[in-house]
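Novice: Take a look at data-v3.pdb, PDB, C-alpha atoms and all ligand atoms:
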ATOM      1  CA  MET A 196     142.364 -30.506 -32.490
ATOM      2  CA  ASN A 197     141.385 -34.192 -32.384
ATOM      3  CA  ARG A 198     141.065 -36.113 -29.142
ATOM      4  CA  GLU A 199     144.302 -38.144 -29.441
ATOM      5  CA  ALA A 200     146.370 -35.034 -30.052
ATOM      6  CA  ASN A 201     144.783 -33.424 -27.018
ATOM      7  CA  ILE A 202     145.603 -36.360 -24.742
ATOM      8  CA  PHE A 203     149.143 -36.425 -26.098
ATOM      9  CA  LEU A 204     149.623 -32.693 -25.380
ATOM     10  CA  ASN A 205     148.273 -33.068 -21.849
ATOM     11  CA  CYS A 206     150.723 -35.878 -21.203
ATOM     12  CA  LEU A 207     153.577 -33.719 -22.454
ATOM     13  CA  LEU A 208     152.510 -30.846 -20.207
ATOM     14  CA  GLY A 209     152.288 -33.171 -17.205
ATOM     15  CA  LEU A 210     155.730 -34.542 -17.914
ATOM     16  CA  ALA A 211     157.197 -31.041 -18.230
ATOM     17  CA  LEU A 212     155.622 -30.075 -14.906
ATOM     18  CA  ILE A 213     157.027 -33.132 -13.134
ATOM     19  CA  LEU A 214     160.478 -32.446 -14.569
ATOM     20  CA  THR A 215     160.408 -28.772 -13.534
ATOM     21  CA  LEU A 216     159.251 -29.514  -9.990
ATOM     22  CA  GLY A 217     161.804 -32.291  -9.621
ATOM     23  CA  MET A 218     164.625 -30.080 -10.792
ATOM     24  CA  SER A 219     163.815 -27.128  -8.535
ATOM     25  CA  ALA A 220     163.589 -29.427  -5.505
ATOM     26  CA  ALA A 221     166.998 -30.878  -6.376
ATOM     27  CA  LEU A 222     168.423 -27.373  -6.762
ATOM     28  CA  GLU A 223     167.249 -26.274  -3.311
ATOM     29  CA  ALA A 224     168.688 -29.407  -1.721
ATOM     30  CA  ALA A 225     171.975 -28.900  -3.582
ATOM     31  CA  ASP A 226     172.354 -25.362  -2.260
ATOM     32  CA  ALA A 227     172.184 -26.282   1.419
ATOM     33  CA  GLU A 228     174.305 -29.348   0.729
ATOM     34  CA  GLN A 229     176.901 -27.159  -0.967
ATOM     35  CA  GLY A 230     176.703 -24.878   2.088
ATOM     36  CA  ARG A 231     177.322 -27.838   4.383
ATOM     37  CA  LEU A 232     180.537 -28.659   2.524
ATOM     38  CA  LEU A 233     181.706 -25.033   2.643
ATOM     39  CA  TYR A 234     180.895 -24.937   6.355
ATOM     40  CA  ARG A 235     183.014 -28.037   6.996
ATOM     41  CA  GLU A 236     185.943 -26.436   5.177
ATOM     42  CA  ASN A 237     185.753 -22.879   6.472
ATOM     43  CA  CYS A 238     183.615 -22.573   9.584
ATOM     44  CA  ALA A 239     183.723 -25.843  11.521
ATOM     45  CA  GLN A 240     187.075 -25.158  13.204
ATOM     46  CA  CYS A 241     185.353 -22.451  15.257
ATOM     47  CA  HIS A 242     181.631 -23.185  15.007
ATOM     48  CA  GLY A 243     181.945 -26.989  15.173
ATOM     49  CA  LEU A 244     181.001 -29.620  12.605
ATOM     50  CA  GLU A 245     177.462 -29.684  13.957
ATOM     51  CA  GLY A 246     177.298 -25.872  14.256
ATOM     52  CA  SER A 247     177.036 -25.952  18.052
ATOM     53  CA  GLY A 248     179.768 -23.318  18.470
ATOM     54  CA  LYS A 249     182.198 -25.844  19.950
ATOM     55  CA  GLY A 250     184.784 -26.189  17.200
ATOM     56  CA  ILE A 251     188.336 -27.322  17.894
ATOM     57  CA  ASN A 252     189.461 -23.685  17.903
ATOM     58  CA  ALA A 253     186.652 -22.389  20.149
ATOM     59  CA  PRO A 254     188.394 -22.797  23.550
ATOM     60  CA  HIS A 255     191.161 -20.466  22.321
ATOM     61  CA  LEU A 256     188.823 -17.614  21.408
ATOM     62  CA  GLU A 257     187.936 -14.886  23.875
ATOM     63  CA  VAL A 258     184.451 -14.591  22.432
ATOM     64  CA  ALA A 259     182.539 -17.840  21.932
ATOM     65  CA  PRO A 260     181.553 -18.560  18.319
ATOM     66  CA  ARG A 261     177.812 -18.362  17.707
ATOM     67  CA  ASN A 262     175.903 -21.572  18.285
ATOM     68  CA  HIS A 263     174.234 -21.890  14.880
ATOM     69  CA  THR A 264     171.744 -24.451  16.165
ATOM     70  CA  ASP A 265     170.292 -21.905  18.623
ATOM     71  CA  TYR A 266     166.801 -21.264  17.258
ATOM     72  CA  GLU A 267     166.127 -18.144  19.365
ATOM     73  CA  GLU A 268     169.313 -16.325  18.358
ATOM     74  CA  MET A 269     169.410 -17.403  14.736
ATOM     75  CA  ASN A 270     165.728 -16.839  14.135
ATOM     76  CA  ALA A 271     166.204 -13.250  15.308
ATOM     77  CA  ARG A 272     168.568 -12.598  12.354
ATOM     78  CA  THR A 273     167.457 -11.801   8.820
ATOM     79  CA  ASN A 274     169.268 -13.436   5.904
ATOM     80  CA  GLU A 275     170.675  -9.992   5.059
ATOM     81  CA  GLU A 276     172.204  -9.695   8.528
ATOM     82  CA  LEU A 277     173.748 -13.155   8.252
ATOM     83  CA  PHE A 278     175.073 -12.284   4.812
ATOM     84  CA  LYS A 279     176.682  -9.110   6.141
ATOM     85  CA  ALA A 280     178.241 -10.919   9.117
ATOM     86  CA  ILE A 281     179.716 -13.617   6.876
ATOM     87  CA  SER A 282     180.777 -11.330   4.048
ATOM     88  CA  GLU A 283     182.169  -8.412   6.085
ATOM     89  CA  GLY A 284     182.986 -10.125   9.368
ATOM     90  CA  GLY A 285     181.765  -9.832  12.952
ATOM     91  CA  GLN A 286     182.741  -6.189  13.295
ATOM     92  CA  ALA A 287     180.359  -5.134  10.514
ATOM     93  CA  VAL A 288     177.402  -6.278  12.643
ATOM     94  CA  ASN A 289     178.792  -5.019  15.963
ATOM     95  CA  LYS A 290     180.139  -8.439  16.885
ATOM     96  CA  SER A 291     183.609  -9.678  17.663
ATOM     97  CA  VAL A 292     186.481  -9.279  15.186
ATOM     98  CA  LEU A 293     187.178 -12.929  15.909
ATOM     99  CA  MET A 294     184.487 -13.704  13.350
ATOM    100  CA  PRO A 295     186.507 -13.283  10.126
ATOM    101  CA  ASN A 296     185.220 -11.699   6.909
ATOM    102  CA  TRP A 297     184.747 -14.045   3.968
ATOM    103  CA  GLY A 298     183.732 -11.633   1.213
ATOM    104  CA  HIS A 299     187.134 -11.883  -0.441
ATOM    105  CA  THR A 300     187.381 -15.659  -0.192
ATOM    106  CA  LEU A 301     183.856 -16.850  -0.907
ATOM    107  CA  SER A 302     181.496 -15.848  -3.728
ATOM    108  CA  GLU A 303     178.012 -14.427  -3.111
ATOM    109  CA  GLU A 304     176.624 -17.781  -4.216
ATOM    110  CA  ASP A 305     178.823 -19.584  -1.662
ATOM    111  CA  ILE A 306     177.587 -17.287   1.112
ATOM    112  CA  ASN A 307     173.951 -17.801   0.097
ATOM    113  CA  ASN A 308     174.541 -21.569   0.124
ATOM    114  CA  LEU A 309     176.017 -21.215   3.615
ATOM    115  CA  ILE A 310     172.960 -19.274   4.754
ATOM    116  CA  ALA A 311     170.682 -22.003   3.333
ATOM    117  CA  PHE A 312     172.668 -24.504   5.414
ATOM    118  CA  LEU A 313     172.549 -22.274   8.535
ATOM    119  CA  ARG A 314     168.752 -22.064   8.187
ATOM    120  CA  LYS A 315     168.599 -25.858   8.135
ATOM    121  CA  LEU A 316     170.794 -26.082  11.221
ATOM    122  CA  CYS A 317     168.826 -23.648  13.333
ATOM    123  CA  CYS A 318     165.327 -23.576  12.144
ATOM    124  CA  GLU A 319     164.123 -26.527  10.110
ATOM    125  CA  GLN A 320     164.163 -29.368  12.606
TER     126      GLN A 320
HETATM  127  C1  LIG A 401     188.231 -17.993  13.696
HETATM  128  C2  LIG A 401     186.975 -18.492  14.170
HETATM  129  C3  LIG A 401     185.758 -18.391  13.288
HETATM  130  C4  LIG A 401     185.592 -18.872  12.006
HETATM  131  C5  LIG A 401     186.600 -19.629  11.173
HETATM  132  C6  LIG A 401     184.250 -18.546  11.616
HETATM  133  N1  LIG A 401     183.609 -17.870  12.625
HETATM  134 FE1  LIG A 401     181.686 -17.205  12.621
HETATM  135  N2  LIG A 401     181.924 -16.413  14.456
HETATM  136  C7  LIG A 401     183.070 -16.522  15.233
HETATM  137  C8  LIG A 401     182.850 -15.852  16.494
HETATM  138  C9  LIG A 401     183.863 -15.739  17.618
HETATM  139  C10 LIG A 401     181.536 -15.359  16.461
HETATM  140  C11 LIG A 401     180.787 -14.617  17.580
HETATM  141  C12 LIG A 401     180.925 -13.130  17.446
HETATM  142  C13 LIG A 401     180.204 -12.440  18.564
HETATM  143  O1  LIG A 401     179.224 -12.995  19.130
HETATM  144  O2  LIG A 401     180.620 -11.322  18.882
HETATM  145  C14 LIG A 401     180.980 -15.728  15.167
HETATM  146  C15 LIG A 401     179.721 -15.388  14.731
HETATM  147  C16 LIG A 401     179.163 -15.771  13.541
HETATM  148  C17 LIG A 401     177.831 -15.453  13.095
HETATM  149  C18 LIG A 401     176.789 -14.748  13.926
HETATM  150  C19 LIG A 401     176.639 -13.313  13.793
HETATM  151  C20 LIG A 401     175.452 -12.963  14.658
HETATM  152  O3  LIG A 401     174.620 -12.242  14.158
HETATM  153  O4  LIG A 401     175.374 -13.404  15.812
HETATM  154  C21 LIG A 401     177.648 -16.034  11.885
HETATM  155  C22 LIG A 401     176.394 -15.993  11.017
HETATM  156  C23 LIG A 401     178.866 -16.713  11.560
HETATM  157  N3  LIG A 401     179.768 -16.539  12.570
HETATM  158  C24 LIG A 401     179.047 -17.450  10.415
HETATM  159  C25 LIG A 401     180.256 -18.045  10.077
HETATM  160  C26 LIG A 401     180.453 -18.754   8.844
HETATM  161  C27 LIG A 401     179.383 -19.041   7.801
HETATM  162  C28 LIG A 401     181.761 -19.138   8.828
HETATM  163  C29 LIG A 401     182.498 -19.854   7.717
HETATM  164  C30 LIG A 401     182.454 -19.295   6.405
HETATM  165  C31 LIG A 401     182.369 -18.679  10.061
HETATM  166  N4  LIG A 401     181.425 -18.019  10.795
HETATM  167  C32 LIG A 401     183.686 -18.889  10.409
HETATM  168  C33 LIG A 401     184.244 -17.145  14.880
HETATM  169  C34 LIG A 401     184.502 -17.764  13.662
END
What does this structure look like when you write it as structure tokens?

Specialist:
Amino acid sequence: MNREANIFLNCLLGLALILTLGMSAALEAADAEQGRLLYRENCAQCHGLEGSGKGINAPHLEVAPRNHTDYEEMNARTNEELFKAISEGGQAVNKSVLMPNWGHTLSEEDINNLIAFLRKLCCEQ
């Protein structure tokens, strides 16, 4: 291969790399962002818009909703445990029935996006 062709190919490879990295970063950001929107719609009434567990509905519940910004508590849960709690409800993880199950309302992708958002809330600040 001649020198010009080589330089040209290297440029193409570099460009492809930049595009791939850029896209995967955007995808990760979009997931947690999607989770944030789902949280506002479905979870904030109990857990609060900021995830502090002080939603508008919280004073009426016998068991306080989890504070999702609590690093200690949230860091002690695996993603699988969070998935189970969200999908099957509080009872499935020996918690209160006041935490509803969302497996029939939200898709697996939705729940994973929610978990990405929960991880941001608790553990990435
Ligand atoms: C009707 C009120 C209510 C709504 C709506 C609600 N939750 Fe909860 N949630 C609770 C309560 C109450 C608890 C605490 C249960 C306990 O500690 O026994 C809880 C606990 C949790 C837990 C913690 C389980 C653990 O391991 O400590 C997660 C995760 C969670 N909720 C996620 C969500 C998500 C995500 C949504 C929205 C899709 C949501 N919740 C909507 C009331 C609610």

Novice: Which residues would end up in the selection if the PyMOL selection byres (((chain A and resi 255-269) around 7) and not hetatm) were applied here, given that I need the answer as a list in words?

Specialist: Cys241, His242, Gly246, Ser247, Gly248, Asn252, Ala253, Pro254, Asn270, Ala271, Arg272, Ser291, Leu313, Leu316, Cys317 and Cys318 of chain A

Novice: Using the chain letters and residue numbers of this document, give as a PDB file with C-alpha atoms, keeping the file's coordinate frame the residues selected by the PyMOL selection byres (((chain A and resi 300) around 12) and not hetatm).

Specialist:
ATOM      1  CA  LEU A 233     181.706 -25.033   2.643  1.00  0.00           C
ATOM      2  CA  ASN A 237     185.753 -22.879   6.472  1.00  0.00           C
ATOM      3  CA  ILE A 281     179.716 -13.617   6.876  1.00  0.00           C
ATOM      4  CA  SER A 282     180.777 -11.330   4.048  1.00  0.00           C
ATOM      5  CA  GLU A 283     182.169  -8.412   6.085  1.00  0.00           C
ATOM      6  CA  GLY A 284     182.986 -10.125   9.368  1.00  0.00           C
ATOM      7  CA  PRO A 295     186.507 -13.283  10.126  1.00  0.00           C
ATOM      8  CA  ASN A 296     185.220 -11.699   6.909  1.00  0.00           C
ATOM      9  CA  TRP A 297     184.747 -14.045   3.968  1.00  0.00           C
ATOM     10  CA  GLY A 298     183.732 -11.633   1.213  1.00  0.00           C
ATOM     11  CA  HIS A 299     187.134 -11.883  -0.441  1.00  0.00           C
ATOM     12  CA  LEU A 301     183.856 -16.850  -0.907  1.00  0.00           C
ATOM     13  CA  SER A 302     181.496 -15.848  -3.728  1.00  0.00           C
ATOM     14  CA  GLU A 303     178.012 -14.427  -3.111  1.00  0.00           C
ATOM     15  CA  GLU A 304     176.624 -17.781  -4.216  1.00  0.00           C
ATOM     16  CA  ASP A 305     178.823 -19.584  -1.662  1.00  0.00           C
ATOM     17  CA  ILE A 306     177.587 -17.287   1.112  1.00  0.00           C
TER      18      ILE A 306
END

Novice: Pick out the closest residue to ligand LIG 401 (chain A) from this set: A:Ala311, A:Ala227, A:Cys238, A:Val292. Count only C-alpha atoms and all ligand atoms.

Specialist: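 For ligand LIG 401 (chain A), the nearest of the given residues is A:Cys238.
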
Novice: To one decimal in Å, tell me the separation between atom C10 of ligand LIG 401 (chain A) and atom CA of Asp226 of chain A.

Specialist: 23.1 Å

Novice: Choose the residue, out of A:Tyr234, A:Leu244, A:Ile251, A:Ala287, that has the smallest atom-to-atom separation from ligand LIG 401 (chain A); count all atoms listed in the file.

Specialist: A:Tyr234

Novice: Give, as JSON, the centre coordinates and the x, y and z edge lengths in Å to one decimal for an axis-aligned box around all listed atoms of ligand LIG 401 (chain A), padded by 6 Å on each side.

Specialist:
{"center_x": 181.4, "center_y": -15.6, "center_z": 12.8, "size_x": 25.6, "size_y": 20.5, "size_z": 24.7}

Novice: Can you tell me how far atom C26 of ligand LIG 401 (chain A) sits from atom CA of Leu309 of chain A, in Å to one decimal?

Specialist: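 Computed distance, atom C26 of ligand LIG 401 (chain A) to atom CA of Leu309 of chain A, equals 7.3 Å.
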
Novice: Could you tell me how far atom CA of Gly243 of chain A sits from atom CA of Lys279 of chain A, in Å to one decimal place?

Specialist: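 Computing it gives 20.7 Å between the two atoms.
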
Novice: For ligand LIG 401 (chain A), which residue among A:Asn308, A:Gln229, A:Gln240, A:Asn197 is the nearest when counting only C-alpha atoms and all ligand atoms?

Specialist: A:Gln240

Novice: My list of candidates is A:Val288, A:Ala200, A:Ile310, A:Met294. Which is closest to ligand LIG 401 (chain A) when distances are computed with only C-alpha atoms and all ligand atoms?

Specialist: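 Closest candidate: A:Met294.
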
Novice: Check the smallest atom-to-atom distance from each of A:Glu319, A:Glu245, A:Glu228, A:Glu236 to ligand LIG 401 (chain A) using only C-alpha atoms and all ligand atoms, then report the winner.

Specialist: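 Looking only at the distances to ligand LIG 401 (chain A), the closest residue turns out to be A:Glu236.
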